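J.: Structure: start_35.txt, compact mmCIF, N, CA and C atoms.
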# COMPACT_ATOMS: atom_id res chain seq x y z
N MET A 1 -51.21 51.11 -101.36
CA MET A 1 -50.33 51.44 -100.26
C MET A 1 -50.43 52.94 -99.98
N GLU A 2 -50.60 53.29 -98.73
CA GLU A 2 -50.75 54.69 -98.33
C GLU A 2 -49.52 55.52 -98.68
N ALA A 3 -48.34 54.94 -98.55
CA ALA A 3 -47.11 55.68 -98.84
C ALA A 3 -47.08 56.15 -100.30
N LYS A 4 -47.55 55.33 -101.20
CA LYS A 4 -47.56 55.70 -102.61
C LYS A 4 -48.54 56.83 -102.89
N LYS A 5 -49.59 56.93 -102.10
CA LYS A 5 -50.52 58.06 -102.23
C LYS A 5 -49.80 59.36 -101.88
N ALA A 6 -48.95 59.31 -100.86
CA ALA A 6 -48.18 60.49 -100.47
C ALA A 6 -47.24 60.88 -101.61
N TRP A 7 -46.51 59.91 -102.14
CA TRP A 7 -45.56 60.18 -103.21
C TRP A 7 -46.28 60.81 -104.41
N ALA A 8 -47.46 60.30 -104.74
CA ALA A 8 -48.20 60.79 -105.90
C ALA A 8 -48.53 62.28 -105.82
N ILE A 9 -48.56 62.83 -104.62
CA ILE A 9 -48.85 64.26 -104.48
C ILE A 9 -47.61 65.05 -104.03
N GLY A 10 -46.44 64.43 -104.15
CA GLY A 10 -45.20 65.11 -103.85
C GLY A 10 -44.78 65.11 -102.39
N GLU A 11 -45.42 64.30 -101.59
CA GLU A 11 -45.08 64.19 -100.16
C GLU A 11 -44.07 63.07 -99.96
N VAL A 12 -43.32 63.14 -98.86
CA VAL A 12 -42.43 62.04 -98.51
C VAL A 12 -43.30 60.79 -98.36
N PRO A 13 -42.92 59.68 -99.01
CA PRO A 13 -43.79 58.51 -99.07
C PRO A 13 -43.84 57.68 -97.78
N ILE A 14 -44.56 58.20 -96.83
CA ILE A 14 -44.78 57.48 -95.58
C ILE A 14 -46.28 57.28 -95.44
N GLY A 15 -46.66 56.04 -95.19
CA GLY A 15 -48.06 55.69 -95.00
C GLY A 15 -48.23 54.91 -93.72
N ALA A 16 -49.46 54.93 -93.21
CA ALA A 16 -49.75 54.21 -91.96
C ALA A 16 -51.18 53.70 -91.98
N VAL A 17 -51.37 52.56 -91.32
CA VAL A 17 -52.73 52.04 -91.10
C VAL A 17 -52.85 51.56 -89.66
N VAL A 18 -54.04 51.72 -89.12
CA VAL A 18 -54.37 51.20 -87.79
C VAL A 18 -55.28 50.00 -88.01
N VAL A 19 -54.96 48.91 -87.33
CA VAL A 19 -55.71 47.66 -87.49
C VAL A 19 -56.25 47.22 -86.14
N LYS A 20 -57.51 46.83 -86.14
CA LYS A 20 -58.14 46.26 -84.94
C LYS A 20 -58.89 45.00 -85.36
N ASP A 21 -58.63 43.92 -84.66
CA ASP A 21 -59.29 42.64 -84.94
C ASP A 21 -59.17 42.25 -86.41
N GLY A 22 -58.01 42.49 -86.99
CA GLY A 22 -57.76 42.10 -88.37
C GLY A 22 -58.35 43.02 -89.42
N GLU A 23 -58.95 44.11 -89.02
CA GLU A 23 -59.60 45.03 -89.95
C GLU A 23 -58.94 46.40 -89.88
N VAL A 24 -58.69 47.00 -91.04
CA VAL A 24 -58.13 48.35 -91.08
C VAL A 24 -59.21 49.33 -90.63
N VAL A 25 -58.92 50.08 -89.58
CA VAL A 25 -59.89 51.05 -89.04
C VAL A 25 -59.40 52.49 -89.18
N GLY A 26 -58.18 52.67 -89.68
CA GLY A 26 -57.66 54.01 -89.89
C GLY A 26 -56.55 53.99 -90.91
N ARG A 27 -56.52 55.02 -91.76
CA ARG A 27 -55.51 55.14 -92.81
C ARG A 27 -54.96 56.55 -92.80
N GLY A 28 -53.70 56.67 -93.18
CA GLY A 28 -53.13 58.00 -93.30
C GLY A 28 -51.83 57.98 -94.07
N PHE A 29 -51.51 59.13 -94.63
CA PHE A 29 -50.23 59.33 -95.30
C PHE A 29 -49.81 60.76 -95.09
N ASN A 30 -48.53 61.03 -95.32
CA ASN A 30 -48.00 62.36 -95.08
C ASN A 30 -48.75 63.42 -95.88
N LEU A 31 -49.10 64.51 -95.20
CA LEU A 31 -49.77 65.65 -95.84
C LEU A 31 -49.16 66.97 -95.38
N ARG A 32 -47.93 66.94 -94.90
CA ARG A 32 -47.31 68.15 -94.36
C ARG A 32 -47.19 69.27 -95.37
N GLU A 33 -46.71 68.96 -96.56
CA GLU A 33 -46.52 69.99 -97.58
C GLU A 33 -47.86 70.52 -98.08
N ARG A 34 -48.76 69.63 -98.39
CA ARG A 34 -50.07 70.03 -98.92
C ARG A 34 -50.84 70.89 -97.94
N ASP A 35 -50.84 70.47 -96.68
CA ASP A 35 -51.63 71.15 -95.66
C ASP A 35 -50.86 72.24 -94.92
N HIS A 36 -49.57 72.38 -95.24
CA HIS A 36 -48.72 73.36 -94.52
C HIS A 36 -48.85 73.14 -93.01
N ASP A 37 -48.72 71.86 -92.62
CA ASP A 37 -48.96 71.45 -91.23
C ASP A 37 -47.85 70.50 -90.78
N PRO A 38 -47.00 70.94 -89.87
CA PRO A 38 -45.91 70.08 -89.41
C PRO A 38 -46.38 68.84 -88.65
N THR A 39 -47.64 68.81 -88.23
CA THR A 39 -48.15 67.65 -87.50
C THR A 39 -48.85 66.64 -88.42
N ALA A 40 -48.93 66.90 -89.70
CA ALA A 40 -49.68 66.04 -90.62
C ALA A 40 -48.83 64.85 -91.09
N HIS A 41 -48.29 64.11 -90.13
CA HIS A 41 -47.54 62.89 -90.42
C HIS A 41 -48.52 61.74 -90.64
N ALA A 42 -48.06 60.72 -91.35
CA ALA A 42 -48.90 59.56 -91.66
C ALA A 42 -49.51 58.94 -90.41
N GLU A 43 -48.71 58.78 -89.37
CA GLU A 43 -49.19 58.14 -88.14
C GLU A 43 -50.31 58.96 -87.51
N ILE A 44 -50.13 60.27 -87.45
CA ILE A 44 -51.13 61.16 -86.86
C ILE A 44 -52.43 61.07 -87.65
N MET A 45 -52.31 61.10 -88.97
CA MET A 45 -53.51 61.03 -89.82
C MET A 45 -54.25 59.70 -89.63
N ALA A 46 -53.50 58.60 -89.53
CA ALA A 46 -54.12 57.28 -89.34
C ALA A 46 -54.77 57.17 -87.96
N ILE A 47 -54.11 57.71 -86.94
CA ILE A 47 -54.68 57.70 -85.59
C ILE A 47 -55.95 58.52 -85.53
N LYS A 48 -55.96 59.68 -86.16
CA LYS A 48 -57.17 60.51 -86.20
C LYS A 48 -58.31 59.78 -86.91
N ASP A 49 -57.99 59.14 -88.03
CA ASP A 49 -59.00 58.42 -88.79
C ASP A 49 -59.56 57.25 -87.96
N ALA A 50 -58.69 56.50 -87.31
CA ALA A 50 -59.14 55.37 -86.49
C ALA A 50 -59.99 55.85 -85.32
N SER A 51 -59.59 56.94 -84.69
CA SER A 51 -60.36 57.47 -83.56
C SER A 51 -61.76 57.87 -84.01
N GLU A 52 -61.83 58.48 -85.18
CA GLU A 52 -63.14 58.87 -85.73
C GLU A 52 -63.98 57.63 -86.06
N GLN A 53 -63.35 56.64 -86.70
CA GLN A 53 -64.08 55.43 -87.10
C GLN A 53 -64.57 54.63 -85.89
N LEU A 54 -63.76 54.61 -84.83
CA LEU A 54 -64.11 53.82 -83.66
C LEU A 54 -64.89 54.62 -82.60
N GLY A 55 -64.95 55.92 -82.79
CA GLY A 55 -65.74 56.74 -81.87
C GLY A 55 -65.08 57.01 -80.53
N GLY A 56 -63.76 57.06 -80.50
CA GLY A 56 -63.06 57.36 -79.25
C GLY A 56 -61.57 57.47 -79.48
N TRP A 57 -60.90 58.15 -78.56
CA TRP A 57 -59.46 58.37 -78.73
C TRP A 57 -58.61 57.21 -78.22
N ARG A 58 -59.16 56.36 -77.39
CA ARG A 58 -58.41 55.22 -76.87
C ARG A 58 -58.43 54.10 -77.91
N LEU A 59 -57.26 53.78 -78.42
CA LEU A 59 -57.16 52.76 -79.47
C LEU A 59 -56.55 51.46 -78.92
N SER A 60 -56.93 51.11 -77.70
CA SER A 60 -56.50 49.85 -77.10
C SER A 60 -56.97 48.71 -77.99
N GLY A 61 -56.14 47.70 -78.10
CA GLY A 61 -56.48 46.57 -78.96
C GLY A 61 -56.10 46.79 -80.41
N CYS A 62 -55.48 47.92 -80.71
CA CYS A 62 -55.10 48.25 -82.08
C CYS A 62 -53.59 48.12 -82.28
N ALA A 63 -53.24 47.92 -83.55
CA ALA A 63 -51.85 47.92 -83.98
C ALA A 63 -51.70 48.98 -85.06
N LEU A 64 -50.54 49.62 -85.09
CA LEU A 64 -50.23 50.61 -86.11
C LEU A 64 -49.10 50.07 -86.97
N TYR A 65 -49.28 50.13 -88.28
CA TYR A 65 -48.28 49.73 -89.25
C TYR A 65 -47.85 50.97 -90.01
N VAL A 66 -46.54 51.21 -90.09
CA VAL A 66 -46.05 52.44 -90.74
C VAL A 66 -44.76 52.14 -91.51
N THR A 67 -44.55 52.91 -92.55
CA THR A 67 -43.42 52.73 -93.46
C THR A 67 -42.07 52.86 -92.76
N ILE A 68 -41.90 53.93 -91.98
CA ILE A 68 -40.63 54.12 -91.28
C ILE A 68 -40.88 54.35 -89.79
N GLU A 69 -39.82 54.24 -89.05
CA GLU A 69 -39.85 54.41 -87.60
C GLU A 69 -40.42 55.78 -87.22
N PRO A 70 -41.35 55.82 -86.29
CA PRO A 70 -41.95 57.09 -85.88
C PRO A 70 -40.98 58.07 -85.24
N CYS A 71 -41.27 59.35 -85.47
CA CYS A 71 -40.52 60.45 -84.85
C CYS A 71 -41.01 60.64 -83.42
N PRO A 72 -40.42 61.56 -82.65
CA PRO A 72 -40.86 61.76 -81.27
C PRO A 72 -42.33 62.17 -81.15
N MET A 73 -42.81 63.03 -82.05
CA MET A 73 -44.21 63.47 -82.00
C MET A 73 -45.15 62.29 -82.22
N CYS A 74 -44.84 61.49 -83.22
CA CYS A 74 -45.71 60.35 -83.54
C CYS A 74 -45.63 59.27 -82.46
N ALA A 75 -44.43 59.05 -81.91
CA ALA A 75 -44.31 58.10 -80.81
C ALA A 75 -45.17 58.56 -79.63
N GLY A 76 -45.17 59.85 -79.35
CA GLY A 76 -46.03 60.39 -78.29
C GLY A 76 -47.50 60.18 -78.58
N ALA A 77 -47.90 60.39 -79.83
CA ALA A 77 -49.30 60.18 -80.21
C ALA A 77 -49.69 58.71 -80.07
N ILE A 78 -48.78 57.81 -80.43
CA ILE A 78 -49.04 56.38 -80.30
C ILE A 78 -49.28 56.03 -78.83
N LEU A 79 -48.44 56.56 -77.95
CA LEU A 79 -48.62 56.32 -76.52
C LEU A 79 -49.94 56.91 -76.02
N ASN A 80 -50.21 58.15 -76.40
CA ASN A 80 -51.42 58.81 -75.93
C ASN A 80 -52.69 58.14 -76.45
N ALA A 81 -52.61 57.51 -77.62
CA ALA A 81 -53.77 56.80 -78.17
C ALA A 81 -53.92 55.40 -77.58
N ARG A 82 -52.94 54.98 -76.78
CA ARG A 82 -52.95 53.66 -76.12
C ARG A 82 -52.90 52.51 -77.12
N ILE A 83 -52.20 52.73 -78.23
CA ILE A 83 -52.03 51.67 -79.23
C ILE A 83 -51.15 50.57 -78.64
N ASP A 84 -51.56 49.33 -78.83
CA ASP A 84 -50.86 48.20 -78.21
C ASP A 84 -49.56 47.80 -78.91
N ARG A 85 -49.57 47.81 -80.26
CA ARG A 85 -48.42 47.31 -81.01
C ARG A 85 -48.10 48.24 -82.18
N LEU A 86 -46.80 48.41 -82.43
CA LEU A 86 -46.32 49.17 -83.57
C LEU A 86 -45.47 48.25 -84.43
N PHE A 87 -45.72 48.26 -85.72
CA PHE A 87 -44.92 47.55 -86.71
C PHE A 87 -44.42 48.58 -87.71
N TYR A 88 -43.09 48.67 -87.86
CA TYR A 88 -42.59 49.61 -88.86
C TYR A 88 -41.56 48.94 -89.75
N GLY A 89 -41.39 49.53 -90.94
CA GLY A 89 -40.47 48.97 -91.92
C GLY A 89 -39.03 49.38 -91.68
N ALA A 90 -38.66 50.55 -92.16
CA ALA A 90 -37.27 51.00 -92.11
C ALA A 90 -37.00 51.86 -90.87
N ARG A 91 -35.77 51.73 -90.37
CA ARG A 91 -35.34 52.56 -89.24
C ARG A 91 -35.13 53.99 -89.72
N ASP A 92 -35.22 54.94 -88.79
CA ASP A 92 -34.94 56.34 -89.09
C ASP A 92 -33.84 56.81 -88.15
N PRO A 93 -32.59 56.72 -88.57
CA PRO A 93 -31.48 57.05 -87.67
C PRO A 93 -31.39 58.53 -87.29
N LYS A 94 -32.12 59.39 -88.00
CA LYS A 94 -32.07 60.83 -87.71
C LYS A 94 -33.19 61.29 -86.79
N ALA A 95 -34.31 60.57 -86.77
CA ALA A 95 -35.45 61.04 -85.96
C ALA A 95 -36.23 59.92 -85.29
N GLY A 96 -35.82 58.68 -85.47
CA GLY A 96 -36.60 57.55 -84.95
C GLY A 96 -36.60 57.43 -83.44
N CYS A 97 -37.80 57.33 -82.90
CA CYS A 97 -37.96 57.21 -81.44
C CYS A 97 -38.67 55.92 -81.05
N ALA A 98 -38.42 54.87 -81.85
CA ALA A 98 -38.92 53.54 -81.52
C ALA A 98 -37.75 52.56 -81.57
N GLY A 99 -36.55 53.07 -81.25
CA GLY A 99 -35.38 52.22 -81.20
C GLY A 99 -34.10 52.84 -81.72
N SER A 100 -34.16 53.74 -82.69
CA SER A 100 -32.93 54.30 -83.27
C SER A 100 -32.26 55.31 -82.35
N LEU A 101 -32.89 56.44 -82.13
CA LEU A 101 -32.32 57.45 -81.23
C LEU A 101 -32.64 57.13 -79.78
N MET A 102 -33.82 56.65 -79.57
CA MET A 102 -34.32 56.25 -78.25
C MET A 102 -35.58 55.44 -78.50
N ASN A 103 -36.16 54.90 -77.44
CA ASN A 103 -37.41 54.18 -77.59
C ASN A 103 -38.40 54.72 -76.57
N LEU A 104 -39.17 55.71 -76.98
CA LEU A 104 -40.19 56.28 -76.10
C LEU A 104 -41.31 55.28 -75.82
N LEU A 105 -41.54 54.37 -76.76
CA LEU A 105 -42.71 53.50 -76.68
C LEU A 105 -42.62 52.41 -75.63
N THR A 106 -41.42 52.07 -75.22
CA THR A 106 -41.28 51.01 -74.22
C THR A 106 -40.75 51.54 -72.89
N ASP A 107 -40.67 52.84 -72.75
CA ASP A 107 -40.15 53.45 -71.52
C ASP A 107 -41.17 53.27 -70.40
N GLY A 108 -40.80 52.54 -69.37
CA GLY A 108 -41.70 52.23 -68.26
C GLY A 108 -42.10 53.42 -67.42
N ARG A 109 -41.48 54.56 -67.63
CA ARG A 109 -41.87 55.76 -66.87
C ARG A 109 -43.18 56.36 -67.37
N PHE A 110 -43.59 55.99 -68.58
CA PHE A 110 -44.88 56.47 -69.09
C PHE A 110 -46.00 55.57 -68.58
N ASN A 111 -47.22 56.07 -68.64
CA ASN A 111 -48.36 55.30 -68.14
C ASN A 111 -48.84 54.24 -69.13
N HIS A 112 -48.25 54.18 -70.30
CA HIS A 112 -48.60 53.17 -71.30
C HIS A 112 -47.33 52.80 -72.05
N GLN A 113 -47.22 51.57 -72.45
CA GLN A 113 -46.13 51.12 -73.30
C GLN A 113 -46.72 50.42 -74.52
N THR A 114 -45.99 50.48 -75.61
CA THR A 114 -46.40 49.88 -76.87
C THR A 114 -45.32 48.89 -77.29
N GLU A 115 -45.72 47.69 -77.65
CA GLU A 115 -44.77 46.71 -78.18
C GLU A 115 -44.30 47.19 -79.55
N VAL A 116 -43.01 47.07 -79.81
CA VAL A 116 -42.44 47.55 -81.07
C VAL A 116 -41.85 46.38 -81.84
N PHE A 117 -42.20 46.31 -83.12
CA PHE A 117 -41.68 45.31 -84.04
C PHE A 117 -41.13 46.05 -85.26
N SER A 118 -39.84 45.91 -85.49
CA SER A 118 -39.22 46.63 -86.61
C SER A 118 -38.85 45.66 -87.73
N GLY A 119 -38.56 46.23 -88.89
CA GLY A 119 -38.08 45.44 -90.01
C GLY A 119 -39.15 44.83 -90.89
N LEU A 120 -40.41 45.21 -90.71
CA LEU A 120 -41.49 44.68 -91.54
C LEU A 120 -41.35 45.26 -92.95
N MET A 121 -41.04 44.41 -93.92
CA MET A 121 -40.81 44.85 -95.30
C MET A 121 -39.73 45.94 -95.34
N GLU A 122 -38.71 45.77 -94.53
CA GLU A 122 -37.67 46.79 -94.36
C GLU A 122 -36.99 47.18 -95.67
N ILE A 123 -36.62 46.22 -96.48
CA ILE A 123 -35.92 46.51 -97.73
C ILE A 123 -36.80 47.33 -98.66
N GLU A 124 -38.06 46.94 -98.79
CA GLU A 124 -38.98 47.67 -99.67
C GLU A 124 -39.22 49.09 -99.16
N CYS A 125 -39.40 49.23 -97.86
CA CYS A 125 -39.65 50.56 -97.28
C CYS A 125 -38.45 51.47 -97.43
N ALA A 126 -37.26 50.95 -97.18
CA ALA A 126 -36.04 51.74 -97.32
C ALA A 126 -35.83 52.14 -98.77
N GLU A 127 -36.07 51.24 -99.69
CA GLU A 127 -35.90 51.54 -101.11
C GLU A 127 -36.92 52.58 -101.58
N LEU A 128 -38.13 52.50 -101.07
CA LEU A 128 -39.14 53.50 -101.41
C LEU A 128 -38.66 54.90 -101.02
N MET A 129 -38.11 55.02 -99.82
CA MET A 129 -37.61 56.31 -99.34
C MET A 129 -36.41 56.76 -100.19
N ARG A 130 -35.47 55.86 -100.43
CA ARG A 130 -34.29 56.22 -101.24
C ARG A 130 -34.70 56.68 -102.64
N SER A 131 -35.62 55.95 -103.25
CA SER A 131 -36.07 56.30 -104.60
C SER A 131 -36.73 57.67 -104.64
N PHE A 132 -37.55 57.95 -103.65
CA PHE A 132 -38.21 59.26 -103.60
C PHE A 132 -37.18 60.39 -103.52
N PHE A 133 -36.23 60.28 -102.62
CA PHE A 133 -35.25 61.34 -102.44
C PHE A 133 -34.28 61.43 -103.61
N ARG A 134 -33.97 60.30 -104.24
CA ARG A 134 -33.12 60.31 -105.44
C ARG A 134 -33.83 61.07 -106.56
N GLU A 135 -35.12 60.81 -106.72
CA GLU A 135 -35.91 61.49 -107.75
C GLU A 135 -36.06 62.98 -107.45
N LEU A 136 -36.15 63.32 -106.19
CA LEU A 136 -36.30 64.71 -105.76
C LEU A 136 -35.07 65.53 -106.12
N ARG A 137 -33.91 64.93 -106.02
CA ARG A 137 -32.65 65.63 -106.29
C ARG A 137 -32.44 65.69 -107.74
Would you write out, as structure tokens, the structure that this file holds?
T.:
Amino acid sequence: MEAKKAWAIGEVPIGAVVVKDGEVVGRGFNLRERDHDPTAHAEIMAIKDASEQLGGWRLSGCALYVTIEPCPMCAGAILNARIDRLFYGARDPKAGCAGSLMNLLTDGRFNHQTEVFSGLMEIECAELMRSFFRELR
């Protein structure tokens, strides 16, 4: 699991994969602390990897799976990459932009919309986050 790779190096345990035609074409996990980069979120890393693997920035026909609900930056990247579907585990009531605070991904004012499916392994994802922060304190 990509999220556990993040935890192993002291990062918040968020992981993401991009899937096309049933095959994982991109992987990523949080690297913000290691890389001193506020944009190094799991979703961004997975989108970059998928774009490199597929040879283009348009990820039409792809789905993104991520541990927690994407933030505004990641929701924007999902839209810009033209990803068709998002599946996430736990909601993020403080920064989530796929339903919690707002839903950028289904806003018809943008030139692309992404179908959103929440609650995938929600209990496990939420517990992973709680455990990480409990251990951190």
J.: Measuring atom to atom with only N, CA and C atoms, identify which of A:Ile78, A:Leu104, A:Val12, A:Ile44 is nearest to Phe133 (chain A).
T.: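 Comparing A:Ile78, A:Leu104, A:Val12, A:Ile44 against Phe133 (chain A), the winner is A:Val12.
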J.: If you run DSSP on this backbone, which residues of chain A come out as helix (DSSP H, G or I), and could you give them as a short mmCIF file (atom, residue, chain, number, x, y, z; two decimals) with N, CA and C atoms, in the coordinates of the input?
T.:
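Contents of the output file part34.cif:
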data_model
loop_
_atom_site.label_atom_id
_atom_site.label_comp_id
_atom_site.auth_asym_id
_atom_site.auth_seq_id
_atom_site.Cartn_x
_atom_site.Cartn_y
_atom_site.Cartn_z
N GLU A 2 -50.60 53.29 -98.73
CA GLU A 2 -50.75 54.69 -98.33
C GLU A 2 -49.52 55.52 -98.68
N ALA A 3 -48.34 54.94 -98.55
CA ALA A 3 -47.11 55.68 -98.84
C ALA A 3 -47.08 56.15 -100.30
N LYS A 4 -47.55 55.33 -101.20
CA LYS A 4 -47.56 55.70 -102.61
C LYS A 4 -48.54 56.83 -102.89
N LYS A 5 -49.59 56.93 -102.10
CA LYS A 5 -50.52 58.06 -102.23
C LYS A 5 -49.80 59.36 -101.88
N ALA A 6 -48.95 59.31 -100.86
CA ALA A 6 -48.18 60.49 -100.47
C ALA A 6 -47.24 60.88 -101.61
N TRP A 7 -46.51 59.91 -102.14
CA TRP A 7 -45.56 60.18 -103.21
C TRP A 7 -46.28 60.81 -104.41
N ALA A 8 -47.46 60.30 -104.74
CA ALA A 8 -48.20 60.79 -105.90
C ALA A 8 -48.53 62.28 -105.82
N ARG A 32 -47.93 66.94 -94.90
CA ARG A 32 -47.31 68.15 -94.36
C ARG A 32 -47.19 69.27 -95.37
N GLU A 33 -46.71 68.96 -96.56
CA GLU A 33 -46.52 69.99 -97.58
C GLU A 33 -47.86 70.52 -98.08
N ARG A 34 -48.76 69.63 -98.39
CA ARG A 34 -50.07 70.03 -98.92
C ARG A 34 -50.84 70.89 -97.94
N ASP A 35 -50.84 70.47 -96.68
CA ASP A 35 -51.63 71.15 -95.66
C ASP A 35 -50.86 72.24 -94.92
N ALA A 42 -48.06 60.72 -91.35
CA ALA A 42 -48.90 59.56 -91.66
C ALA A 42 -49.51 58.94 -90.41
N GLU A 43 -48.71 58.78 -89.37
CA GLU A 43 -49.19 58.14 -88.14
C GLU A 43 -50.31 58.96 -87.51
N ILE A 44 -50.13 60.27 -87.45
CA ILE A 44 -51.13 61.16 -86.86
C ILE A 44 -52.43 61.07 -87.65
N MET A 45 -52.31 61.10 -88.97
CA MET A 45 -53.51 61.03 -89.82
C MET A 45 -54.25 59.70 -89.63
N ALA A 46 -53.50 58.60 -89.53
CA ALA A 46 -54.12 57.28 -89.34
C ALA A 46 -54.77 57.17 -87.96
N ILE A 47 -54.11 57.71 -86.94
CA ILE A 47 -54.68 57.70 -85.59
C ILE A 47 -55.95 58.52 -85.53
N LYS A 48 -55.96 59.68 -86.16
CA LYS A 48 -57.17 60.51 -86.20
C LYS A 48 -58.31 59.78 -86.91
N ASP A 49 -57.99 59.14 -88.03
CA ASP A 49 -59.00 58.42 -88.79
C ASP A 49 -59.56 57.25 -87.96
N ALA A 50 -58.69 56.50 -87.31
CA ALA A 50 -59.14 55.37 -86.49
C ALA A 50 -59.99 55.85 -85.32
N SER A 51 -59.59 56.94 -84.69
CA SER A 51 -60.36 57.47 -83.56
C SER A 51 -61.76 57.87 -84.01
N GLU A 52 -61.83 58.48 -85.18
CA GLU A 52 -63.14 58.87 -85.73
C GLU A 52 -63.98 57.63 -86.06
N GLN A 53 -63.35 56.64 -86.70
CA GLN A 53 -64.08 55.43 -87.10
C GLN A 53 -64.57 54.63 -85.89
N LEU A 54 -63.76 54.61 -84.83
CA LEU A 54 -64.11 53.82 -83.66
C LEU A 54 -64.89 54.62 -82.60
N PRO A 72 -40.42 61.56 -82.65
CA PRO A 72 -40.86 61.76 -81.27
C PRO A 72 -42.33 62.17 -81.15
N MET A 73 -42.81 63.03 -82.05
CA MET A 73 -44.21 63.47 -82.00
C MET A 73 -45.15 62.29 -82.22
N CYS A 74 -44.84 61.49 -83.22
CA CYS A 74 -45.71 60.35 -83.54
C CYS A 74 -45.63 59.27 -82.46
N ALA A 75 -44.43 59.05 -81.91
CA ALA A 75 -44.31 58.10 -80.81
C ALA A 75 -45.17 58.56 -79.63
N GLY A 76 -45.17 59.85 -79.35
CA GLY A 76 -46.03 60.39 -78.29
C GLY A 76 -47.50 60.18 -78.58
N ALA A 77 -47.90 60.39 -79.83
CA ALA A 77 -49.30 60.18 -80.21
C ALA A 77 -49.69 58.71 -80.07
N ILE A 78 -48.78 57.81 -80.43
CA ILE A 78 -49.04 56.38 -80.30
C ILE A 78 -49.28 56.03 -78.83
N LEU A 79 -48.44 56.56 -77.95
CA LEU A 79 -48.62 56.32 -76.52
C LEU A 79 -49.94 56.91 -76.02
N ASN A 80 -50.21 58.15 -76.40
CA ASN A 80 -51.42 58.81 -75.93
C ASN A 80 -52.69 58.14 -76.45
N LEU A 104 -39.17 55.71 -76.98
CA LEU A 104 -40.19 56.28 -76.10
C LEU A 104 -41.31 55.28 -75.82
N LEU A 105 -41.54 54.37 -76.76
CA LEU A 105 -42.71 53.50 -76.68
C LEU A 105 -42.62 52.41 -75.63
N THR A 106 -41.42 52.07 -75.22
CA THR A 106 -41.28 51.01 -74.22
C THR A 106 -40.75 51.54 -72.89
N GLU A 122 -38.71 45.77 -94.53
CA GLU A 122 -37.67 46.79 -94.36
C GLU A 122 -36.99 47.18 -95.67
N ILE A 123 -36.62 46.22 -96.48
CA ILE A 123 -35.92 46.51 -97.73
C ILE A 123 -36.80 47.33 -98.66
N GLU A 124 -38.06 46.94 -98.79
CA GLU A 124 -38.98 47.67 -99.67
C GLU A 124 -39.22 49.09 -99.16
N CYS A 125 -39.40 49.23 -97.86
CA CYS A 125 -39.65 50.56 -97.28
C CYS A 125 -38.45 51.47 -97.43
N ALA A 126 -37.26 50.95 -97.18
CA ALA A 126 -36.04 51.74 -97.32
C ALA A 126 -35.83 52.14 -98.77
N GLU A 127 -36.07 51.24 -99.69
CA GLU A 127 -35.90 51.54 -101.11
C GLU A 127 -36.92 52.58 -101.58
N LEU A 128 -38.13 52.50 -101.07
CA LEU A 128 -39.14 53.50 -101.41
C LEU A 128 -38.66 54.90 -101.02
N MET A 129 -38.11 55.02 -99.82
CA MET A 129 -37.61 56.31 -99.34
C MET A 129 -36.41 56.76 -100.19
N ARG A 130 -35.47 55.86 -100.43
CA ARG A 130 -34.29 56.22 -101.24
C ARG A 130 -34.70 56.68 -102.64
N SER A 131 -35.62 55.95 -103.25
CA SER A 131 -36.07 56.30 -104.60
C SER A 131 -36.73 57.67 -104.64
N PHE A 132 -37.55 57.95 -103.65
CA PHE A 132 -38.21 59.26 -103.60
C PHE A 132 -37.18 60.39 -103.52
N PHE A 133 -36.23 60.28 -102.62
CA PHE A 133 -35.25 61.34 -102.44
C PHE A 133 -34.28 61.43 -103.61
N ARG A 134 -33.97 60.30 -104.24
CA ARG A 134 -33.12 60.31 -105.44
C ARG A 134 -33.83 61.07 -106.56
N GLU A 135 -35.12 60.81 -106.72
CA GLU A 135 -35.91 61.49 -107.75
C GLU A 135 -36.06 62.98 -107.45
N LEU A 136 -36.15 63.32 -106.19
CA LEU A 136 -36.30 64.71 -105.76
C LEU A 136 -35.07 65.53 -106.12
#
J.: Mind checking which residues fall within 8 Å of Thr39 (chain A), counting only N, CA and C atoms, ignoring those fewer than 6 positions away in the same chain, and posting them as a PyMOL selection string?
T.: chain A and resi 30-32+45+73
J.: Smallest atom-to-atom distance to Phe110 (chain A): which of A:Pro93, A:Tyr88, A:Gln53, A:Asn80, using only C-alpha atoms?
T.: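 Among A:Pro93, A:Tyr88, A:Gln53, A:Asn80, it is A:Asn80 that comes nearest to Phe110 (chain A).
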J.: In Å, with one decimal, what is the gap from CA of Gly55 (chain A) to CA of His41 (chain A)?
T.: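 Value for the CA of Gly55 (chain A)-CA of His41 (chain A) distance: 21.0 Å.
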J.: Give the strand (DSSP E or B) residues of chain A, as assigned by DSSP on the backbone, as a PyMOL selection string.
T.: chain A and resi 15-20+23-29+62-68+85-90+98+103+115-118
J.: Quick one: distance from CA of Asn103 (chain A) to CA of Ala75 (chain A) in Å, one decimal?
T.: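 Computing the Euclidean distance for CA of Asn103 (chain A) and CA of Ala75 (chain A) yields 8.6 Å.
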J.: With all atoms listed in the file as the counted atoms, please give the residues lying no more than 8 Å from region 95-102 of chain A, apart from itself and same-chain residues fewer than 6 positions off, as an NGL selection string.
T.: :A and (68-76 or 116-118)
J.: How many Å lie between atom C of Cys62 (chain A) and atom N of Glu2 (chain A), rounded to one decimal?
T.: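 These atoms are spaced 17.5 Å apart.
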J.: List the spatial neighbours of Ile14 (chain A) as a list in words - criterion: any atom at most 7 Å away, all atoms listed in the file, same-chain residues fewer than 2 positions off excluded.
T.: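 The filter keeps Glu2, Ala3, Lys4, Ala6, Trp7, Glu11, Val12, Ala16, Gly28, Phe29, Asn30, His41, Ala42, Glu43, Val66, Thr67 and Ile68 of chain A.
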J.: For Cys125 (chain A), find every residue with an atom within 6.5 Å (counting only N, CA and C atoms), except residues of its own chain fewer than 5 positions away, and show them as a list in words.
T.: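 The residues that qualify are Thr67, Gly89, Ala90 and Arg130 of chain A.
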J.: Looking at all atoms listed in the file, which of A:Arg82, A:Lys5, A:Arg27, A:Lys48 is the one that sits closest to His112 (chain A)?
T.: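 With all atoms listed in the file as the atom set, the closest residue is A:Arg82.
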